[in-house]
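Engineer: One file is attached below, work.cif, containing mmCIF, N, CA, C and O atoms.
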data_my_file
loop_
_atom_site.label_atom_id
_atom_site.label_comp_id
_atom_site.auth_asym_id
_atom_site.auth_seq_id
_atom_site.Cartn_x
_atom_site.Cartn_y
_atom_site.Cartn_z
N MET A 1 -22.38 -21.09 30.14
CA MET A 1 -22.46 -21.59 28.79
C MET A 1 -22.28 -20.47 27.77
O MET A 1 -21.61 -20.64 26.78
N ASP A 2 -22.88 -19.29 27.97
CA ASP A 2 -22.73 -18.18 27.03
C ASP A 2 -21.29 -17.70 26.97
O ASP A 2 -20.81 -17.30 25.91
N LEU A 3 -20.60 -17.72 28.08
CA LEU A 3 -19.20 -17.31 28.11
C LEU A 3 -18.35 -18.25 27.27
O LEU A 3 -17.44 -17.82 26.56
N VAL A 4 -18.65 -19.52 27.29
CA VAL A 4 -17.92 -20.51 26.49
C VAL A 4 -18.16 -20.24 25.01
O VAL A 4 -17.22 -20.23 24.21
N ARG A 5 -19.39 -19.99 24.61
CA ARG A 5 -19.70 -19.68 23.21
C ARG A 5 -18.97 -18.41 22.76
O ARG A 5 -18.43 -18.34 21.67
N PHE A 6 -18.96 -17.40 23.60
CA PHE A 6 -18.26 -16.15 23.30
C PHE A 6 -16.77 -16.41 23.07
O PHE A 6 -16.18 -15.93 22.12
N ALA A 7 -16.16 -17.21 23.93
CA ALA A 7 -14.73 -17.51 23.81
C ALA A 7 -14.43 -18.28 22.54
O ALA A 7 -13.39 -18.11 21.92
N VAL A 8 -15.35 -19.12 22.10
CA VAL A 8 -15.17 -19.91 20.88
C VAL A 8 -15.37 -19.04 19.65
O VAL A 8 -14.64 -19.14 18.67
N LEU A 9 -16.34 -18.15 19.66
CA LEU A 9 -16.67 -17.34 18.49
C LEU A 9 -15.79 -16.10 18.34
O LEU A 9 -15.64 -15.59 17.23
N LEU A 10 -15.18 -15.61 19.40
CA LEU A 10 -14.36 -14.40 19.33
C LEU A 10 -13.24 -14.49 18.30
O LEU A 10 -13.08 -13.57 17.49
N PRO A 11 -12.47 -15.58 18.24
CA PRO A 11 -11.41 -15.64 17.22
C PRO A 11 -11.94 -15.55 15.79
O PRO A 11 -11.25 -15.07 14.90
N LEU A 12 -13.15 -15.99 15.55
CA LEU A 12 -13.72 -15.90 14.21
C LEU A 12 -14.05 -14.46 13.83
O LEU A 12 -14.04 -14.10 12.67
N ALA A 13 -14.34 -13.62 14.79
CA ALA A 13 -14.69 -12.22 14.53
C ALA A 13 -13.46 -11.35 14.35
O ALA A 13 -13.54 -10.30 13.74
N LEU A 14 -12.32 -11.73 14.87
CA LEU A 14 -11.13 -10.89 14.81
C LEU A 14 -10.67 -10.56 13.40
O LEU A 14 -10.33 -9.42 13.12
N PRO A 15 -10.63 -11.51 12.45
CA PRO A 15 -10.21 -11.11 11.09
C PRO A 15 -11.12 -10.05 10.48
O PRO A 15 -10.66 -9.18 9.77
N VAL A 16 -12.41 -10.10 10.77
CA VAL A 16 -13.33 -9.09 10.25
C VAL A 16 -12.99 -7.73 10.85
O VAL A 16 -12.93 -6.73 10.16
N ALA A 17 -12.73 -7.68 12.13
CA ALA A 17 -12.39 -6.43 12.79
C ALA A 17 -11.07 -5.88 12.24
O ALA A 17 -10.94 -4.69 12.01
N ALA A 18 -10.10 -6.73 12.03
CA ALA A 18 -8.81 -6.28 11.50
C ALA A 18 -8.98 -5.76 10.08
O ALA A 18 -8.39 -4.77 9.70
N HIS A 19 -9.81 -6.43 9.28
CA HIS A 19 -10.03 -6.00 7.90
C HIS A 19 -10.72 -4.63 7.87
O HIS A 19 -10.44 -3.81 7.01
N ALA A 20 -11.58 -4.36 8.83
CA ALA A 20 -12.30 -3.10 8.86
C ALA A 20 -11.36 -1.92 9.09
O ALA A 20 -11.69 -0.80 8.79
N GLN A 21 -10.17 -2.17 9.63
CA GLN A 21 -9.23 -1.11 9.92
C GLN A 21 -8.26 -0.84 8.76
O GLN A 21 -7.36 -0.04 8.89
N THR A 22 -8.40 -1.53 7.63
CA THR A 22 -7.53 -1.29 6.48
C THR A 22 -7.94 0.03 5.82
O THR A 22 -9.09 0.25 5.50
N LEU A 23 -6.96 0.91 5.63
CA LEU A 23 -7.20 2.20 5.00
C LEU A 23 -6.72 2.14 3.55
O LEU A 23 -5.70 1.54 3.27
N GLU A 24 -7.44 2.79 2.65
CA GLU A 24 -7.12 2.75 1.23
C GLU A 24 -6.65 4.11 0.73
O GLU A 24 -7.26 5.13 1.05
N TYR A 25 -5.56 4.09 -0.02
CA TYR A 25 -5.00 5.30 -0.62
C TYR A 25 -4.70 5.00 -2.10
O TYR A 25 -4.36 3.87 -2.45
N THR A 26 -4.81 6.03 -2.95
CA THR A 26 -4.53 5.86 -4.37
C THR A 26 -3.30 6.67 -4.75
O THR A 26 -3.17 7.83 -4.36
N ILE A 27 -2.42 6.03 -5.52
CA ILE A 27 -1.25 6.69 -6.10
C ILE A 27 -1.35 6.52 -7.61
O ILE A 27 -1.54 5.41 -8.10
N VAL A 28 -1.25 7.62 -8.34
CA VAL A 28 -1.35 7.61 -9.80
C VAL A 28 0.06 7.65 -10.39
O VAL A 28 0.92 8.38 -9.91
N ILE A 29 0.27 6.85 -11.43
CA ILE A 29 1.50 6.94 -12.23
C ILE A 29 1.11 7.65 -13.52
O ILE A 29 0.24 7.18 -14.26
N LYS A 30 1.74 8.79 -13.76
CA LYS A 30 1.46 9.56 -14.97
C LYS A 30 2.76 10.23 -15.40
O LYS A 30 3.42 10.87 -14.58
N GLU A 31 3.10 10.06 -16.67
CA GLU A 31 4.35 10.59 -17.22
C GLU A 31 5.55 10.09 -16.41
O GLU A 31 6.48 10.82 -16.13
N HIS A 32 5.47 8.82 -16.01
CA HIS A 32 6.54 8.13 -15.28
C HIS A 32 6.87 8.80 -13.95
O HIS A 32 8.01 8.79 -13.50
N ARG A 33 5.85 9.38 -13.32
CA ARG A 33 5.99 10.00 -12.01
C ARG A 33 4.81 9.57 -11.14
O ARG A 33 3.72 9.31 -11.64
N PHE A 34 5.06 9.50 -9.84
CA PHE A 34 3.99 9.19 -8.90
C PHE A 34 3.29 10.46 -8.47
O PHE A 34 3.94 11.48 -8.20
N GLN A 35 1.96 10.41 -8.40
CA GLN A 35 1.16 11.54 -7.96
C GLN A 35 0.17 11.04 -6.91
O GLN A 35 -0.65 10.18 -7.25
N PRO A 36 0.25 11.44 -5.69
CA PRO A 36 1.24 12.36 -5.15
C PRO A 36 2.58 11.64 -4.94
O PRO A 36 2.61 10.43 -4.72
N ALA A 37 3.64 12.40 -5.00
CA ALA A 37 4.98 11.83 -4.79
C ALA A 37 5.22 11.56 -3.30
O ALA A 37 6.04 10.72 -2.96
N GLU A 38 4.53 12.29 -2.44
CA GLU A 38 4.61 12.06 -1.00
C GLU A 38 3.20 11.97 -0.46
O GLU A 38 2.34 12.79 -0.77
N LEU A 39 2.99 10.93 0.34
CA LEU A 39 1.65 10.64 0.84
C LEU A 39 1.74 10.35 2.33
O LEU A 39 2.56 9.54 2.76
N THR A 40 0.91 11.02 3.12
CA THR A 40 0.86 10.78 4.56
C THR A 40 -0.23 9.75 4.83
O THR A 40 -1.37 9.90 4.38
N VAL A 41 0.16 8.69 5.56
CA VAL A 41 -0.76 7.60 5.89
C VAL A 41 -0.75 7.39 7.40
O VAL A 41 0.14 7.86 8.10
N ALA A 42 -1.73 6.69 7.89
CA ALA A 42 -1.84 6.40 9.32
C ALA A 42 -0.89 5.28 9.70
O ALA A 42 -0.80 4.28 9.01
N SER A 43 -0.17 5.48 10.78
CA SER A 43 0.67 4.40 11.31
C SER A 43 -0.21 3.46 12.13
O SER A 43 -1.30 3.83 12.56
N GLY A 44 0.26 2.25 12.33
CA GLY A 44 -0.46 1.29 13.16
C GLY A 44 -1.67 0.67 12.50
O GLY A 44 -2.43 -0.04 13.17
N LYS A 45 -1.88 0.90 11.23
CA LYS A 45 -3.04 0.36 10.50
C LYS A 45 -2.56 -0.36 9.25
O LYS A 45 -1.53 -0.04 8.68
N ARG A 46 -3.36 -1.32 8.79
CA ARG A 46 -3.11 -1.93 7.49
C ARG A 46 -3.42 -0.90 6.42
O ARG A 46 -4.39 -0.15 6.53
N ILE A 47 -2.59 -0.86 5.39
CA ILE A 47 -2.74 0.11 4.30
C ILE A 47 -2.92 -0.63 2.99
O ILE A 47 -2.14 -1.54 2.68
N LYS A 48 -3.91 -0.23 2.23
CA LYS A 48 -4.11 -0.75 0.88
C LYS A 48 -3.77 0.39 -0.08
O LYS A 48 -4.39 1.46 -0.02
N LEU A 49 -2.76 0.17 -0.92
CA LEU A 49 -2.39 1.16 -1.92
C LEU A 49 -2.92 0.72 -3.28
O LEU A 49 -2.60 -0.38 -3.75
N VAL A 50 -3.75 1.55 -3.88
CA VAL A 50 -4.22 1.31 -5.24
C VAL A 50 -3.29 2.10 -6.14
O VAL A 50 -3.19 3.33 -6.01
N ILE A 51 -2.59 1.41 -7.03
CA ILE A 51 -1.65 2.04 -7.95
C ILE A 51 -2.34 2.13 -9.31
O ILE A 51 -2.61 1.11 -9.94
N ASP A 52 -2.64 3.35 -9.75
CA ASP A 52 -3.36 3.61 -11.00
C ASP A 52 -2.34 4.04 -12.05
O ASP A 52 -1.92 5.20 -12.07
N ASN A 53 -1.93 3.12 -12.91
CA ASN A 53 -0.93 3.42 -13.94
C ASN A 53 -1.64 3.99 -15.17
O ASN A 53 -2.21 3.26 -15.98
N GLN A 54 -1.58 5.30 -15.32
CA GLN A 54 -2.23 5.97 -16.45
C GLN A 54 -1.30 6.11 -17.65
O GLN A 54 -1.70 6.64 -18.68
N ASP A 55 -0.06 5.63 -17.52
CA ASP A 55 0.86 5.62 -18.65
C ASP A 55 0.53 4.43 -19.56
O ASP A 55 -0.14 3.49 -19.15
N GLY A 56 1.04 4.48 -20.77
CA GLY A 56 0.83 3.39 -21.72
C GLY A 56 1.82 2.24 -21.56
O GLY A 56 1.71 1.23 -22.24
N THR A 57 2.77 2.40 -20.66
CA THR A 57 3.80 1.38 -20.44
C THR A 57 3.73 0.84 -19.02
O THR A 57 3.25 1.54 -18.12
N PRO A 58 4.22 -0.37 -18.79
CA PRO A 58 4.19 -0.91 -17.43
C PRO A 58 5.17 -0.20 -16.51
O PRO A 58 6.12 0.44 -16.96
N GLU A 59 4.89 -0.29 -15.24
CA GLU A 59 5.81 0.22 -14.21
C GLU A 59 5.82 -0.78 -13.06
O GLU A 59 4.80 -1.43 -12.79
N GLU A 60 6.96 -0.91 -12.42
CA GLU A 60 7.05 -1.77 -11.25
C GLU A 60 7.09 -0.89 -10.01
O GLU A 60 8.04 -0.14 -9.82
N PHE A 61 6.05 -0.98 -9.19
CA PHE A 61 6.01 -0.29 -7.91
C PHE A 61 6.85 -1.11 -6.95
O PHE A 61 6.59 -2.29 -6.73
N GLU A 62 7.90 -0.48 -6.38
CA GLU A 62 8.81 -1.23 -5.52
C GLU A 62 9.23 -0.40 -4.32
O GLU A 62 9.40 0.80 -4.41
N SER A 63 9.40 -1.09 -3.19
CA SER A 63 9.91 -0.47 -1.98
C SER A 63 10.60 -1.55 -1.16
O SER A 63 9.97 -2.54 -0.79
N HIS A 64 11.88 -1.33 -0.89
CA HIS A 64 12.60 -2.27 -0.03
C HIS A 64 12.09 -2.18 1.40
O HIS A 64 11.91 -3.20 2.07
N GLU A 65 11.82 -0.97 1.87
CA GLU A 65 11.36 -0.75 3.24
C GLU A 65 9.97 -1.34 3.47
O GLU A 65 9.68 -1.83 4.56
N LEU A 66 9.11 -1.26 2.47
CA LEU A 66 7.77 -1.83 2.58
C LEU A 66 7.73 -3.31 2.20
O LEU A 66 6.71 -3.98 2.37
N ARG A 67 8.83 -3.81 1.65
CA ARG A 67 8.95 -5.20 1.20
C ARG A 67 7.88 -5.55 0.18
O ARG A 67 7.13 -6.51 0.34
N VAL A 68 7.84 -4.73 -0.88
CA VAL A 68 6.82 -4.94 -1.91
C VAL A 68 7.41 -4.69 -3.29
O VAL A 68 8.24 -3.80 -3.47
N GLU A 69 6.99 -5.50 -4.25
CA GLU A 69 7.28 -5.32 -5.67
C GLU A 69 6.02 -5.73 -6.42
O GLU A 69 5.48 -6.80 -6.18
N LYS A 70 5.56 -4.87 -7.33
CA LYS A 70 4.35 -5.19 -8.07
C LYS A 70 4.42 -4.52 -9.43
O LYS A 70 4.56 -3.30 -9.53
N ILE A 71 4.34 -5.31 -10.50
CA ILE A 71 4.30 -4.75 -11.85
C ILE A 71 2.86 -4.37 -12.17
O ILE A 71 1.94 -5.18 -12.02
N ILE A 72 2.69 -3.12 -12.60
CA ILE A 72 1.37 -2.60 -12.97
C ILE A 72 1.41 -2.31 -14.47
O ILE A 72 2.07 -1.37 -14.91
N PRO A 73 0.73 -3.11 -15.28
CA PRO A 73 0.71 -2.85 -16.73
C PRO A 73 0.13 -1.48 -17.04
O PRO A 73 -0.65 -0.93 -16.26
N GLY A 74 0.53 -0.91 -18.18
CA GLY A 74 0.02 0.39 -18.59
C GLY A 74 -1.49 0.38 -18.72
O GLY A 74 -2.08 -0.60 -19.17
N GLY A 75 -2.11 1.46 -18.28
CA GLY A 75 -3.56 1.61 -18.40
C GLY A 75 -4.35 0.73 -17.45
O GLY A 75 -5.54 0.52 -17.66
N THR A 76 -3.72 0.23 -16.38
CA THR A 76 -4.44 -0.61 -15.43
C THR A 76 -4.16 -0.15 -14.00
O THR A 76 -3.32 0.72 -13.77
N LYS A 77 -4.87 -0.77 -13.07
CA LYS A 77 -4.66 -0.51 -11.65
C LYS A 77 -4.19 -1.79 -10.98
O LYS A 77 -4.60 -2.88 -11.38
N GLY A 78 -3.35 -1.63 -9.98
CA GLY A 78 -2.91 -2.75 -9.17
C GLY A 78 -3.07 -2.38 -7.71
O GLY A 78 -3.30 -1.22 -7.37
N MET A 79 -2.94 -3.37 -6.84
CA MET A 79 -3.12 -3.14 -5.42
C MET A 79 -2.01 -3.83 -4.65
O MET A 79 -1.62 -4.94 -4.99
N VAL A 80 -1.51 -3.13 -3.63
CA VAL A 80 -0.58 -3.74 -2.69
C VAL A 80 -1.06 -3.42 -1.27
O VAL A 80 -1.61 -2.35 -1.03
N SER A 81 -0.86 -4.36 -0.38
CA SER A 81 -1.21 -4.16 1.02
C SER A 81 0.06 -4.15 1.85
O SER A 81 0.95 -4.97 1.62
N VAL A 82 0.13 -3.23 2.78
CA VAL A 82 1.30 -3.12 3.65
C VAL A 82 0.84 -2.80 5.07
O VAL A 82 -0.28 -2.40 5.29
N GLY A 83 1.78 -2.97 5.99
CA GLY A 83 1.52 -2.56 7.36
C GLY A 83 1.01 -3.68 8.22
O GLY A 83 0.95 -4.82 7.78
N PRO A 84 0.67 -3.31 9.44
CA PRO A 84 0.67 -1.97 9.99
C PRO A 84 2.09 -1.40 10.05
O PRO A 84 3.04 -2.12 10.32
N LEU A 85 2.19 -0.11 9.75
CA LEU A 85 3.49 0.57 9.68
C LEU A 85 3.79 1.28 10.99
O LEU A 85 2.91 1.86 11.61
N LYS A 86 5.05 1.26 11.35
CA LYS A 86 5.52 2.08 12.47
C LYS A 86 5.68 3.51 11.95
O LYS A 86 5.88 3.71 10.75
N PRO A 87 5.60 4.52 12.80
CA PRO A 87 5.84 5.89 12.33
C PRO A 87 7.21 5.99 11.66
O PRO A 87 8.19 5.42 12.13
N GLY A 88 7.24 6.66 10.53
CA GLY A 88 8.49 6.83 9.80
C GLY A 88 8.25 7.14 8.34
O GLY A 88 7.11 7.35 7.91
N ILE A 89 9.33 7.17 7.58
CA ILE A 89 9.28 7.47 6.14
C ILE A 89 9.66 6.20 5.39
O ILE A 89 10.67 5.57 5.69
N TYR A 90 8.85 5.86 4.40
CA TYR A 90 9.02 4.65 3.61
C TYR A 90 9.12 5.03 2.13
O TYR A 90 8.10 5.30 1.48
N PRO A 91 10.34 5.07 1.57
CA PRO A 91 10.48 5.42 0.16
C PRO A 91 9.98 4.30 -0.76
O PRO A 91 10.02 3.13 -0.39
N PHE A 92 9.50 4.70 -1.94
CA PHE A 92 9.14 3.75 -2.98
C PHE A 92 9.58 4.33 -4.32
O PHE A 92 9.87 5.52 -4.43
N PHE A 93 9.66 3.47 -5.33
CA PHE A 93 10.12 3.93 -6.65
C PHE A 93 9.54 3.04 -7.74
O PHE A 93 9.04 1.95 -7.47
N GLY A 94 9.59 3.55 -8.95
CA GLY A 94 9.23 2.77 -10.12
C GLY A 94 10.50 2.23 -10.74
O GLY A 94 11.32 3.00 -11.24
N GLU A 95 10.68 0.94 -10.67
CA GLU A 95 11.95 0.35 -11.11
C GLU A 95 12.21 0.56 -12.60
O GLU A 95 13.35 0.70 -13.02
N PHE A 96 11.17 0.66 -13.42
CA PHE A 96 11.36 0.80 -14.86
C PHE A 96 11.70 2.24 -15.26
O PHE A 96 12.21 2.47 -16.35
N HIS A 97 11.40 3.21 -14.41
CA HIS A 97 11.68 4.62 -14.67
C HIS A 97 12.18 5.27 -13.38
O HIS A 97 11.64 6.28 -12.91
N GLU A 98 13.22 4.69 -12.82
CA GLU A 98 13.69 5.07 -11.49
C GLU A 98 14.16 6.52 -11.41
O GLU A 98 14.10 7.15 -10.36
N ALA A 99 14.59 7.10 -12.53
CA ALA A 99 15.08 8.48 -12.50
C ALA A 99 13.95 9.47 -12.18
O ALA A 99 14.19 10.51 -11.56
N THR A 100 12.73 9.15 -12.56
CA THR A 100 11.61 10.07 -12.35
C THR A 100 10.55 9.55 -11.39
O THR A 100 9.87 10.34 -10.74
N ALA A 101 10.38 8.25 -11.32
CA ALA A 101 9.31 7.66 -10.50
C ALA A 101 9.84 7.40 -9.09
O ALA A 101 10.32 6.31 -8.78
N GLN A 102 9.72 8.41 -8.23
CA GLN A 102 10.18 8.35 -6.85
C GLN A 102 9.06 8.86 -5.94
O GLN A 102 8.36 9.79 -6.30
N GLY A 103 8.94 8.25 -4.77
CA GLY A 103 7.93 8.71 -3.83
C GLY A 103 8.25 8.26 -2.42
O GLY A 103 9.18 7.50 -2.18
N LYS A 104 7.42 8.75 -1.47
CA LYS A 104 7.59 8.41 -0.06
C LYS A 104 6.23 8.32 0.61
O LYS A 104 5.34 9.14 0.36
N LEU A 105 6.09 7.32 1.50
CA LEU A 105 4.97 7.28 2.43
C LEU A 105 5.46 7.81 3.75
O LEU A 105 6.52 7.41 4.24
N HIS A 106 4.71 8.73 4.33
CA HIS A 106 5.00 9.25 5.66
C HIS A 106 3.94 8.64 6.59
O HIS A 106 2.78 9.01 6.50
N ALA A 107 4.36 7.73 7.43
CA ALA A 107 3.43 7.12 8.38
C ALA A 107 3.48 7.90 9.70
O ALA A 107 4.53 8.02 10.31
N ASN A 108 2.34 8.49 10.07
CA ASN A 108 2.26 9.28 11.30
C ASN A 108 1.32 8.60 12.29
O ASN A 108 0.40 7.99 11.97
#
Go through the file and emit its structure as structure tokens.
Structural biologist:
Amino acid sequence: MDLVRFAVLLPLALPVAAHAQTLEYTIVIKEHRFQPAELTVASGKRIKLVIDNQDGTPEEFESHELRVEKIIPGGTKGMVSVGPLKPGIYPFFGEFHEATAQGKLHAN
């Protein structure tokens, strides 16, 4: 009987365990540049990126490789979740200031 209860309850616990493995990183937008411009993150894990736009104008955080687009109004923070990522390099850019707002995630 206990084995049956365990088998029924196990799927309910899995989302909690998966959520516990999400790692959080912060990227600042200042003077239309990302800081840090290159960030090393863990591969094989869910990643939460907090985008802190310290400029007075909006910026769109975008990455084709990460399949994400998010407009972050000036003076606010936004969040995007990605992954789990395979090892590799994932470029991102600010679509509104693409000449200066460039960055990369290095998943190791």
Engineer: Applied to this file, what does the PyMOL selection byres ((chain A and resi 89) around 6) return in terms of residues, put as a list in words?
Structural biologist: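 That selection, the PyMOL selection byres ((chain A and resi 89) around 6), comes back as Lys86, Pro87, Gly88, Tyr90, Pro91, Leu105, His106 and Ala107 of chain A.
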Engineer: Using only N, CA, C and O atoms, find each residue of region 18-73 of chain A with at least one atom at most 6 Å away from an atom of region 98-103 of chain A; report its shortest atom-to-atom pair and that distance in Å (one decimal), sort the rows by chain and rising residue number, and return the result as JSON lines.
Structural biologist:
{"residue": "A:His32", "atom": "O", "partner": "A:Ala101", "partner_atom": "N", "distance": 3.3}
{"residue": "A:Arg33", "atom": "CA", "partner": "A:Thr100", "partner_atom": "O", "distance": 4.1}
{"residue": "A:Phe34", "atom": "N", "partner": "A:Ala101", "partner_atom": "CA", "distance": 4.7}
{"residue": "A:Pro36", "atom": "O", "partner": "A:Gly103", "partner_atom": "CA", "distance": 5.7}
{"residue": "A:Ala37", "atom": "O", "partner": "A:Gly103", "partner_atom": "CA", "distance": 2.9}
{"residue": "A:Glu38", "atom": "N", "partner": "A:Gly103", "partner_atom": "CA", "distance": 5.1}
Engineer: For Val50 (chain A), which residue out of A:His64, A:Lys30, A:Lys77, A:Lys70 is the nearest one, using only C-alpha atoms?
Structural biologist: A:Lys77
Engineer: In Å, rounded to a single decimal, give me how far atom C of Ile51 (chain A) is from atom N of Gly75 (chain A).
Structural biologist: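 Between atom N of Gly75 (chain A) and atom C of Ile51 (chain A) the gap is 9.0 Å.
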Engineer: Hey, can you check how far CA of Glu60 (chain A) sits from CA of Thr76 (chain A)?
Structural biologist: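 Taking CA of Glu60 (chain A) and CA of Thr76 (chain A), their separation equals 12.3 Å.
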Engineer: Write out as a list in words which residues come within 8 Å of Ile71 (chain A) when counting only N, CA, C and O atoms, dropping same-chain ones fewer than 4 positions away.
Structural biologist: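 Those residues are Pro58, Glu59, Glu60, Phe61, Glu62, Lys77, Gly78 and Met79 of chain A.
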Engineer: Identify, on the basis of all atoms listed in the file, every residue whose closest approach to Gln21 (chain A) does not exceed 8 Å; exclude the query and any residue fewer than 6 positions from it along the same chain; express the result as a PyMOL selection string.
Structural biologist: chain A and resi 15+42+44-48
Engineer: To box region 29-47 of chain A, take all atoms listed in the file, fit an axis-aligned box, add 5 Å on each side, and give centre and edge lengths in Å to one decimal, as lines of an AutoDock Vina configuration file.
Structural biologist:
center_x = 1.8
center_y = 5.4
center_z = -2.0
size_x = 22.4
size_y = 24.7
size_z = 40.4
Engineer: Expressed in Å to a single decimal, how great is the separation between atom N of Thr40 (chain A) and atom O of Gly74 (chain A)?
Structural biologist: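 Calculated distance between atom N of Thr40 (chain A) and atom O of Gly74 (chain A) is 25.3 Å.
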Engineer: Taking only N, CA, C and O atoms into account, name the residue in A:Val68, A:Leu39, A:Asn108, A:Leu49 that is nearest to Glu24 (chain A).
Structural biologist: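 Among the listed residues, A:Leu49 lies closest to Glu24 (chain A).
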Engineer: Considering only N, CA, C and O atoms, can you say which of A:Gln35, A:Glu95, A:Ile29, A:Arg67 comes closest to Asp55 (chain A)?
Structural biologist: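 Looking only at the distances to Asp55 (chain A), the closest residue turns out to be A:Ile29.
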Engineer: Considering only strand (DSSP E or B) as DSSP defines it on the backbone, what residues of region 23-63 of chain A qualify? List them as a list in words.
Structural biologist: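 So the strand (DSSP E or B) residues in region 23-63 of chain A would be Leu23, Glu24, Tyr25, Thr26, Ile27, Val28, Ile29, Lys30, Arg33, Phe34, Gln35, Glu38, Leu39, Thr40, Val41, Ile47, Lys48, Leu49, Val50, Ile51, Asp52, Asn53, Glu59, Glu60, Phe61, Glu62 and Ser63 of chain A.
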Engineer: So that I can check the secondary structure, give me every residue of chain A assigned alpha helix (DSSP H) by backbone DSSP, as a list in words.
Structural biologist: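 Matching residues for alpha helix (DSSP H) in chain A are Asp2, Leu3, Val4, Arg5, Phe6, Ala7, Val8, Leu9, Leu10, Pro11, Leu12, Ala13, Leu14, Pro15, Val16, Ala17, Ala18, His19 and Ala20 of chain A.
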